[in-house]
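Heads up: the structure comes next, in structure tokens.
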2 protein chains.
Amino acid sequence: MPTVSTRPTPARERILDAARRLVLEHGFAATTVDAVLADAGASKGAFFHHFPTKAALGRALVEQYARADEHVLEEHMAAAEAGSDDAAEQLIAFLRGFEEATDDILAVQPSCLFVSFIYETELADAETDGIVLGSVMAWRHRILAKLNEAAKSHPRLRELDLTALADQVFTVFEGAFLLARATGDPSAVRRQLAHLRRYVELLCSD
Amino acid sequence: MPTVSTRPTPARERILDAARRLVLEHGFAATTVDAVLADAGASKGAFFHHFPTKAALGRALVEQYARADEHVLEEHMAAAEAGSDDAAEQLIAFLRGFEEATDDILAVQPSCLFVSFIYETELADAETDGIVLGSVMAWRHRILAKLNEAAKSHPRLRELDLTALADQVFTVFEGAFLLARATGDPSAVRRQLAHLRRYVELLCSD
DNA sequence: ATCTACAGACCAACTAGTCGGTCTGTGACA
DNA sequence: TGTCACAGACCGACTAGTTGGTCTGTAGAT
């Protein structure tokens, strides 16, 4: 019976780091365990000591990514809330802050890890899909709350599909990552987000 | 030396159809040649008679998809141009037509084939990347032309990054596909596109 | 007779996962 | 303080199955 540990050890961290890099670049299916090991400078034994299967590595990767993702959400929302009492202003400040942070995010992660797991169905288990869904919902609900609040004083918002508008942050962010990769132009992400902010500004300008 | 044919034969078409289905569902790397063969009811011999390598299948798939994609672009743009002489009205009609066609598109293709090749770097050759880029640029230029024309009579447009706005159609479409897959809600695509159209309408309402 | 389109047995390389074993630390007890 | 028992981190050769790709052959059309 093999012992599987979940405690963070140096080898485990190196494996996770290497795997994140490789999966972001080539996708999950195209990333072999051996390639991760070579990149991490770890052994087969170390790998399967920490992860029972390759899918378990994927789940760990997604969990870690989702935590960081929701941290970014809360951090930027808190900063926006500190700057104003008005929900519409908070939301626009949130979008602007997010927009300005884009270049730093891009420097670390040239794309979104979720995409591999959204598109490569059945490589990951149902639990992994649930984690991704949880992140999407976290963004939706946090932003939708602001939109509902803002709708009280901005009548134009009331006619709209606010859930879809809340989801548009996810949509534009993910789509912009794809655009940036397809065109080889990293500035695309920031520029796409700028249009989304402008849209929200127009909707709140009454 | 094996003969490689590019002529459309029944087996070739069946292989292409099966491959498109499987790649859309699982991604390119996770789609094995054997799985395509089983789904298509074809043999190894048939496959390598028509495609020298698996990557060549990928390129053929992307070529076919790009042709269909640009056909959709031209078709909807032509319909929009037939309904009005004003560039802004044409663009909005284009977006609305596109939006209304979404459900039919989704019934055939639950997501975009380009994504696999954009995210799974190095599975395909440089030529395949070029085909994807060509499609992105076709949309950008066709829409940007309308935006430039519309900017003449809509001053608000002149202050904006119109290239990025043109690209936003790609961005929202791709992002919406991801959202639809992640949430399991196909209506997301249409609803996301509706917001993009609304944005353009607001920008042209002066 | 030749060529195209296809069939399917076959192969070498690779893949995820296994297994017996080593090494380091740590806590209990003399 | 020394040492003994044990736990857990890690190693890397090995394996069973899979993968993309090759090769020999053949049925039908021209």
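We name chains A, B, ... following the order of the structure tokens; residues begin at 1 in each chain, and ligands are numbered from 1 as shown.
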Next item on the list: Fewer than 5 positions away in the same chain doesn't count, so skip those; otherwise give me all residues within 12 Å of Glu159 in chain B, counting only C-alpha atoms (C1' of nucleotides), as a list of chain:residue names.
Entry: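 Final neighbour list, sorted by chain and number: A:His195, A:Arg198, B:Leu147, B:Asn148, B:Ala151, B:Lys152, B:His154, B:Leu165, B:Leu203.
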Open item on the list: Using only C-alpha atoms (C1' of nucleotides), which protein or nucleic acid residues come within 9 Å of Gly45 in chain B? Drop anything in the same chain fewer than 3 positions from it, and give the result as an NGL selection string.
Closed with: (:B and (42 or 48-50)) or (:C and (6-8))
Worksheet entry | chain D contacts on chain B, only C-alpha atoms (C1' of nucleotides), 9 Å, as JSON, numbers by chain | {"B": [32, 33, 34, 48, 52, 53, 54]}
Keeping only C-alpha atoms, write the selected residues as an mmCIF file, in the first residue's frame.
```cif
data_model
loop_
_atom_site.group_PDB
_atom_site.id
_atom_site.type_symbol
_atom_site.label_atom_id
_atom_site.label_comp_id
_atom_site.auth_asym_id
_atom_site.auth_seq_id
_atom_site.Cartn_x
_atom_site.Cartn_y
_atom_site.Cartn_z
ATOM 1 C CA THR B 32 -5.796 9.351 -30.467
ATOM 2 C CA VAL B 33 -5.594 8.271 -34.078
ATOM 3 C CA ASP B 34 -7.060 4.901 -33.107
ATOM 4 C CA PHE B 48 -2.090 7.403 -43.340
ATOM 5 C CA PRO B 52 1.124 11.817 -43.467
ATOM 6 C CA THR B 53 1.055 12.518 -39.716
ATOM 7 C CA LYS B 54 -1.430 13.254 -36.956
#
```
Any idea what the distance is between CA of Asp161 in chain A and CA of Leu144 in chain A?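 Taking CA of Asp161 in chain A and CA of Leu144 in chain A, their separation equals 10.3 Å.
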Please run DSSP on the backbone and report, as a PDB file with C-alpha atoms, in the first residue's frame, all residues within range 13-156 of chain B that come out as alpha helix (DSSP H).
```pdb
ATOM      1  CA  GLU B  13     -14.506  12.777 -44.964  1.00  0.00           C
ATOM      2  CA  ARG B  14     -15.515  10.298 -42.284  1.00  0.00           C
ATOM      3  CA  ILE B  15     -12.089  10.629 -40.643  1.00  0.00           C
ATOM      4  CA  LEU B  16     -12.306  14.412 -40.718  1.00  0.00           C
ATOM      5  CA  ASP B  17     -15.836  14.398 -39.273  1.00  0.00           C
ATOM      6  CA  ALA B  18     -14.952  11.986 -36.480  1.00  0.00           C
ATOM      7  CA  ALA B  19     -11.773  13.872 -35.667  1.00  0.00           C
ATOM      8  CA  ARG B  20     -13.626  17.184 -35.469  1.00  0.00           C
ATOM      9  CA  ARG B  21     -16.129  15.707 -33.026  1.00  0.00           C
ATOM     10  CA  LEU B  22     -13.478  14.125 -30.827  1.00  0.00           C
ATOM     11  CA  VAL B  23     -11.103  17.090 -30.826  1.00  0.00           C
ATOM     12  CA  LEU B  24     -13.926  19.464 -29.900  1.00  0.00           C
ATOM     13  CA  GLU B  25     -14.803  17.192 -27.010  1.00  0.00           C
ATOM     14  CA  HIS B  26     -11.397  16.136 -25.668  1.00  0.00           C
ATOM     15  CA  VAL B  33      -5.594   8.271 -34.078  1.00  0.00           C
ATOM     16  CA  ASP B  34      -7.060   4.901 -33.107  1.00  0.00           C
ATOM     17  CA  ALA B  35     -10.051   6.575 -31.474  1.00  0.00           C
ATOM     18  CA  VAL B  36     -10.684   8.624 -34.617  1.00  0.00           C
ATOM     19  CA  LEU B  37     -10.446   5.462 -36.699  1.00  0.00           C
ATOM     20  CA  ALA B  38     -12.899   3.591 -34.491  1.00  0.00           C
ATOM     21  CA  ASP B  39     -15.359   6.484 -34.582  1.00  0.00           C
ATOM     22  CA  ALA B  40     -14.997   6.917 -38.326  1.00  0.00           C
ATOM     23  CA  LYS B  44      -4.946   2.744 -40.178  1.00  0.00           C
ATOM     24  CA  GLY B  45      -4.152   2.339 -43.843  1.00  0.00           C
ATOM     25  CA  ALA B  46      -6.900   4.759 -44.839  1.00  0.00           C
ATOM     26  CA  PHE B  47      -5.722   7.323 -42.293  1.00  0.00           C
ATOM     27  CA  PHE B  48      -2.090   7.403 -43.340  1.00  0.00           C
ATOM     28  CA  HIS B  49      -3.082   7.262 -46.970  1.00  0.00           C
ATOM     29  CA  HIS B  50      -4.726  10.661 -46.542  1.00  0.00           C
ATOM     30  CA  LYS B  54      -1.430  13.254 -36.956  1.00  0.00           C
ATOM     31  CA  ALA B  55      -0.332  16.899 -37.088  1.00  0.00           C
ATOM     32  CA  ALA B  56      -1.387  16.983 -40.748  1.00  0.00           C
ATOM     33  CA  LEU B  57      -4.867  15.907 -39.673  1.00  0.00           C
ATOM     34  CA  GLY B  58      -4.854  18.804 -37.221  1.00  0.00           C
ATOM     35  CA  ARG B  59      -3.881  21.219 -39.959  1.00  0.00           C
ATOM     36  CA  ALA B  60      -6.606  19.910 -42.274  1.00  0.00           C
ATOM     37  CA  LEU B  61      -9.120  20.260 -39.463  1.00  0.00           C
ATOM     38  CA  VAL B  62      -8.086  23.839 -38.750  1.00  0.00           C
ATOM     39  CA  GLU B  63      -8.099  24.713 -42.463  1.00  0.00           C
ATOM     40  CA  GLN B  64     -11.611  23.360 -42.871  1.00  0.00           C
ATOM     41  CA  TYR B  65     -12.773  25.138 -39.731  1.00  0.00           C
ATOM     42  CA  ALA B  66     -11.195  28.421 -40.768  1.00  0.00           C
ATOM     43  CA  ARG B  67     -12.907  28.256 -44.170  1.00  0.00           C
ATOM     44  CA  ALA B  68     -16.288  27.656 -42.530  1.00  0.00           C
ATOM     45  CA  ASP B  69     -15.562  30.405 -40.006  1.00  0.00           C
ATOM     46  CA  GLU B  70     -14.756  32.991 -42.646  1.00  0.00           C
ATOM     47  CA  HIS B  71     -17.784  31.861 -44.618  1.00  0.00           C
ATOM     48  CA  VAL B  72     -19.985  32.595 -41.601  1.00  0.00           C
ATOM     49  CA  LEU B  73     -18.330  36.018 -41.294  1.00  0.00           C
ATOM     50  CA  GLU B  74     -18.945  36.913 -44.931  1.00  0.00           C
ATOM     51  CA  GLU B  75     -22.471  35.535 -44.973  1.00  0.00           C
ATOM     52  CA  HIS B  76     -23.616  37.494 -41.938  1.00  0.00           C
ATOM     53  CA  MET B  77     -21.823  40.631 -43.011  1.00  0.00           C
ATOM     54  CA  ALA B  78     -23.381  40.451 -46.473  1.00  0.00           C
ATOM     55  CA  ALA B  79     -26.846  40.052 -44.950  1.00  0.00           C
ATOM     56  CA  ALA B  80     -26.206  43.024 -42.684  1.00  0.00           C
ATOM     57  CA  GLU B  81     -24.957  45.144 -45.584  1.00  0.00           C
ATOM     58  CA  ALA B  82     -28.044  44.325 -47.611  1.00  0.00           C
ATOM     59  CA  GLY B  83     -30.309  45.743 -44.899  1.00  0.00           C
ATOM     60  CA  ALA B  87     -22.025  51.340 -41.330  1.00  0.00           C
ATOM     61  CA  ALA B  88     -23.093  51.529 -37.688  1.00  0.00           C
ATOM     62  CA  GLU B  89     -26.466  49.995 -38.468  1.00  0.00           C
ATOM     63  CA  GLN B  90     -24.790  47.323 -40.543  1.00  0.00           C
ATOM     64  CA  LEU B  91     -22.449  46.412 -37.711  1.00  0.00           C
ATOM     65  CA  ILE B  92     -25.249  46.193 -35.171  1.00  0.00           C
ATOM     66  CA  ALA B  93     -27.348  44.135 -37.571  1.00  0.00           C
ATOM     67  CA  PHE B  94     -24.324  41.878 -38.087  1.00  0.00           C
ATOM     68  CA  LEU B  95     -23.955  41.358 -34.357  1.00  0.00           C
ATOM     69  CA  ARG B  96     -27.670  40.715 -33.954  1.00  0.00           C
ATOM     70  CA  GLY B  97     -27.698  38.230 -36.817  1.00  0.00           C
ATOM     71  CA  PHE B  98     -24.709  36.490 -35.388  1.00  0.00           C
ATOM     72  CA  GLU B  99     -26.338  36.403 -31.984  1.00  0.00           C
ATOM     73  CA  GLU B 100     -29.513  34.865 -33.386  1.00  0.00           C
ATOM     74  CA  ALA B 101     -27.544  32.228 -35.277  1.00  0.00           C
ATOM     75  CA  THR B 102     -25.724  31.164 -32.123  1.00  0.00           C
ATOM     76  CA  ASP B 103     -28.175  28.466 -31.096  1.00  0.00           C
ATOM     77  CA  ASP B 104     -27.885  26.797 -34.499  1.00  0.00           C
ATOM     78  CA  ILE B 105     -24.099  27.008 -34.383  1.00  0.00           C
ATOM     79  CA  LEU B 106     -24.068  25.542 -30.871  1.00  0.00           C
ATOM     80  CA  ALA B 107     -26.207  22.601 -31.958  1.00  0.00           C
ATOM     81  CA  VAL B 108     -23.486  21.578 -34.422  1.00  0.00           C
ATOM     82  CA  LEU B 113     -11.875  24.102 -32.556  1.00  0.00           C
ATOM     83  CA  PHE B 114      -9.277  26.859 -32.556  1.00  0.00           C
ATOM     84  CA  VAL B 115      -9.005  26.762 -28.768  1.00  0.00           C
ATOM     85  CA  SER B 116      -7.336  23.358 -28.721  1.00  0.00           C
ATOM     86  CA  PHE B 117      -4.681  24.559 -31.094  1.00  0.00           C
ATOM     87  CA  ILE B 118      -4.205  27.922 -29.397  1.00  0.00           C
ATOM     88  CA  TYR B 119      -3.746  26.347 -25.978  1.00  0.00           C
ATOM     89  CA  ALA B 126       3.695  26.928 -37.298  1.00  0.00           C
ATOM     90  CA  GLU B 127       1.534  26.749 -40.406  1.00  0.00           C
ATOM     91  CA  THR B 128      -1.490  25.717 -38.354  1.00  0.00           C
ATOM     92  CA  ASP B 129      -0.957  28.668 -36.029  1.00  0.00           C
ATOM     93  CA  GLY B 130      -0.860  30.881 -39.099  1.00  0.00           C
ATOM     94  CA  ILE B 131      -4.262  29.653 -40.253  1.00  0.00           C
ATOM     95  CA  VAL B 132      -5.787  30.463 -36.861  1.00  0.00           C
ATOM     96  CA  LEU B 133      -4.181  33.892 -36.916  1.00  0.00           C
ATOM     97  CA  GLY B 134      -5.550  34.444 -40.413  1.00  0.00           C
ATOM     98  CA  SER B 135      -9.089  33.846 -39.195  1.00  0.00           C
ATOM     99  CA  VAL B 136      -8.664  36.200 -36.258  1.00  0.00           C
ATOM    100  CA  MET B 137      -7.370  38.861 -38.608  1.00  0.00           C
ATOM    101  CA  ALA B 138     -10.191  38.341 -41.106  1.00  0.00           C
ATOM    102  CA  TRP B 139     -12.736  39.159 -38.390  1.00  0.00           C
ATOM    103  CA  ARG B 140     -10.674  42.054 -37.088  1.00  0.00           C
ATOM    104  CA  HIS B 141     -10.296  43.729 -40.463  1.00  0.00           C
ATOM    105  CA  ARG B 142     -13.843  43.186 -41.670  1.00  0.00           C
ATOM    106  CA  ILE B 143     -15.287  44.643 -38.456  1.00  0.00           C
ATOM    107  CA  LEU B 144     -12.676  47.354 -38.067  1.00  0.00           C
ATOM    108  CA  ALA B 145     -13.572  48.656 -41.532  1.00  0.00           C
ATOM    109  CA  LYS B 146     -17.171  49.094 -40.382  1.00  0.00           C
ATOM    110  CA  LEU B 147     -16.054  50.772 -37.171  1.00  0.00           C
ATOM    111  CA  ASN B 148     -13.830  53.232 -39.035  1.00  0.00           C
ATOM    112  CA  GLU B 149     -16.664  54.037 -41.378  1.00  0.00           C
ATOM    113  CA  ALA B 150     -19.106  54.431 -38.475  1.00  0.00           C
ATOM    114  CA  ALA B 151     -16.642  56.653 -36.610  1.00  0.00           C
ATOM    115  CA  PRO B 155     -17.719  60.950 -32.661  1.00  0.00           C
ATOM    116  CA  ARG B 156     -17.701  58.842 -29.492  1.00  0.00           C
TER     117      ARG B 156
END
```
Chain A contacts to chain B at 7 Å (only C-alpha atoms) as a PDB file with N, CA and C atoms, in the first residue's frame:
```pdb
ATOM      1  N   GLU A  25       1.555  25.806 -20.814  1.00  0.00           N
ATOM      2  CA  GLU A  25       2.157  25.950 -22.137  1.00  0.00           C
ATOM      3  C   GLU A  25       1.632  24.931 -23.141  1.00  0.00           C
ATOM      4  N   HIS A  26       1.437  23.692 -22.691  1.00  0.00           N
ATOM      5  CA  HIS A  26       1.094  22.622 -23.651  1.00  0.00           C
ATOM      6  C   HIS A  26      -0.260  21.989 -23.427  1.00  0.00           C
ATOM      7  N   GLY A  27      -0.928  22.316 -22.332  1.00  0.00           N
ATOM      8  CA  GLY A  27      -2.166  21.630 -21.983  1.00  0.00           C
ATOM      9  C   GLY A  27      -1.888  20.431 -21.105  1.00  0.00           C
ATOM     10  N   ALA A  29      -3.195  17.159 -21.199  1.00  0.00           N
ATOM     11  CA  ALA A  29      -3.010  15.861 -21.856  1.00  0.00           C
ATOM     12  C   ALA A  29      -1.605  15.750 -22.451  1.00  0.00           C
ATOM     13  N   ALA A  30      -1.103  16.837 -23.000  1.00  0.00           N
ATOM     14  CA  ALA A  30       0.187  16.805 -23.674  1.00  0.00           C
ATOM     15  C   ALA A  30       1.356  16.915 -22.696  1.00  0.00           C
ATOM     16  N   ILE A 118     -11.263  22.871 -18.863  1.00  0.00           N
ATOM     17  CA  ILE A 118     -12.594  23.092 -19.429  1.00  0.00           C
ATOM     18  C   ILE A 118     -12.687  22.432 -20.803  1.00  0.00           C
ATOM     19  N   TYR A 119     -11.622  22.545 -21.576  1.00  0.00           N
ATOM     20  CA  TYR A 119     -11.675  22.040 -22.939  1.00  0.00           C
ATOM     21  C   TYR A 119     -11.313  20.565 -23.068  1.00  0.00           C
ATOM     22  N   GLU A 120     -10.408  20.088 -22.221  1.00  0.00           N
ATOM     23  CA  GLU A 120      -9.993  18.687 -22.325  1.00  0.00           C
ATOM     24  C   GLU A 120     -10.855  17.824 -21.411  1.00  0.00           C
ATOM     25  N   THR A 121     -12.107  17.655 -21.809  1.00  0.00           N
ATOM     26  CA  THR A 121     -13.069  16.916 -21.003  1.00  0.00           C
ATOM     27  C   THR A 121     -12.575  15.506 -20.652  1.00  0.00           C
ATOM     28  N   LEU A 133     -15.992  25.371 -11.662  1.00  0.00           N
ATOM     29  CA  LEU A 133     -17.327  25.974 -11.571  1.00  0.00           C
ATOM     30  C   LEU A 133     -17.444  26.875 -10.343  1.00  0.00           C
ATOM     31  N   ALA A 164     -25.584  37.716 -16.733  1.00  0.00           N
ATOM     32  CA  ALA A 164     -24.699  37.624 -17.899  1.00  0.00           C
ATOM     33  C   ALA A 164     -23.653  38.734 -17.873  1.00  0.00           C
ATOM     34  N   LEU A 165     -24.076  39.912 -17.412  1.00  0.00           N
ATOM     35  CA  LEU A 165     -23.120  41.022 -17.340  1.00  0.00           C
ATOM     36  C   LEU A 165     -22.028  40.723 -16.308  1.00  0.00           C
ATOM     37  N   GLN A 168     -19.583  38.472 -17.681  1.00  0.00           N
ATOM     38  CA  GLN A 168     -18.787  39.003 -18.781  1.00  0.00           C
ATOM     39  C   GLN A 168     -17.334  39.264 -18.374  1.00  0.00           C
ATOM     40  N   THR A 171     -15.807  36.013 -19.102  1.00  0.00           N
ATOM     41  CA  THR A 171     -15.819  35.852 -20.562  1.00  0.00           C
ATOM     42  C   THR A 171     -14.702  36.648 -21.232  1.00  0.00           C
ATOM     43  N   VAL A 172     -14.652  37.939 -20.914  1.00  0.00           N
ATOM     44  CA  VAL A 172     -13.684  38.800 -21.589  1.00  0.00           C
ATOM     45  C   VAL A 172     -12.256  38.431 -21.172  1.00  0.00           C
ATOM     46  N   GLU A 174     -11.056  35.462 -20.212  1.00  0.00           N
ATOM     47  CA  GLU A 174     -10.656  34.216 -20.881  1.00  0.00           C
ATOM     48  C   GLU A 174     -10.493  34.410 -22.377  1.00  0.00           C
ATOM     49  N   GLY A 175     -11.464  35.087 -22.974  1.00  0.00           N
ATOM     50  CA  GLY A 175     -11.382  35.339 -24.411  1.00  0.00           C
ATOM     51  C   GLY A 175     -10.154  36.150 -24.763  1.00  0.00           C
ATOM     52  N   ALA A 176      -9.827  37.109 -23.905  1.00  0.00           N
ATOM     53  CA  ALA A 176      -8.675  37.968 -24.167  1.00  0.00           C
ATOM     54  C   ALA A 176      -7.366  37.175 -24.081  1.00  0.00           C
ATOM     55  N   LEU A 178      -7.049  34.085 -24.915  1.00  0.00           N
ATOM     56  CA  LEU A 178      -6.986  33.359 -26.183  1.00  0.00           C
ATOM     57  C   LEU A 178      -6.524  34.282 -27.310  1.00  0.00           C
ATOM     58  N   LEU A 179      -7.102  35.480 -27.330  1.00  0.00           N
ATOM     59  CA  LEU A 179      -6.716  36.457 -28.355  1.00  0.00           C
ATOM     60  C   LEU A 179      -5.228  36.776 -28.263  1.00  0.00           C
ATOM     61  N   ARG A 181      -2.835  34.968 -27.057  1.00  0.00           N
ATOM     62  CA  ARG A 181      -2.030  33.832 -27.512  1.00  0.00           C
ATOM     63  C   ARG A 181      -2.073  33.673 -29.016  1.00  0.00           C
ATOM     64  N   ALA A 182      -3.273  33.833 -29.583  1.00  0.00           N
ATOM     65  CA  ALA A 182      -3.433  33.626 -31.025  1.00  0.00           C
ATOM     66  C   ALA A 182      -2.681  34.686 -31.828  1.00  0.00           C
ATOM     67  N   THR A 183      -2.683  35.915 -31.314  1.00  0.00           N
ATOM     68  CA  THR A 183      -2.034  37.003 -32.055  1.00  0.00           C
ATOM     69  C   THR A 183      -0.600  37.233 -31.608  1.00  0.00           C
ATOM     70  N   ARG A 191      -6.377  45.610 -23.184  1.00  0.00           N
ATOM     71  CA  ARG A 191      -7.206  46.395 -24.087  1.00  0.00           C
ATOM     72  C   ARG A 191      -8.639  45.858 -24.172  1.00  0.00           C
ATOM     73  N   GLN A 192      -8.777  44.552 -24.065  1.00  0.00           N
ATOM     74  CA  GLN A 192     -10.121  43.971 -24.066  1.00  0.00           C
ATOM     75  C   GLN A 192     -10.855  44.330 -22.774  1.00  0.00           C
ATOM     76  N   HIS A 195     -12.373  47.812 -22.707  1.00  0.00           N
ATOM     77  CA  HIS A 195     -13.683  47.976 -23.350  1.00  0.00           C
ATOM     78  C   HIS A 195     -14.807  47.516 -22.435  1.00  0.00           C
ATOM     79  N   TYR A 199     -17.902  49.832 -21.128  1.00  0.00           N
ATOM     80  CA  TYR A 199     -19.312  49.426 -21.248  1.00  0.00           C
ATOM     81  C   TYR A 199     -20.042  49.640 -19.923  1.00  0.00           C
TER      82      TYR A 199
END
```
Judged by only C-alpha atoms (C1' of nucleotides), the minimum distance to chain C among A:Asp125, A:Pro186, A:Asp206, A:Phe51 is found for A:Phe51
Give me, as a list in words, the residues of chain C touching chain A, with the criterion being at most 10 Å (counting only C-alpha atoms (C1' of nucleotides)).
DC14, DT15, DA16, DG17, DT18 and DC19 of chain C
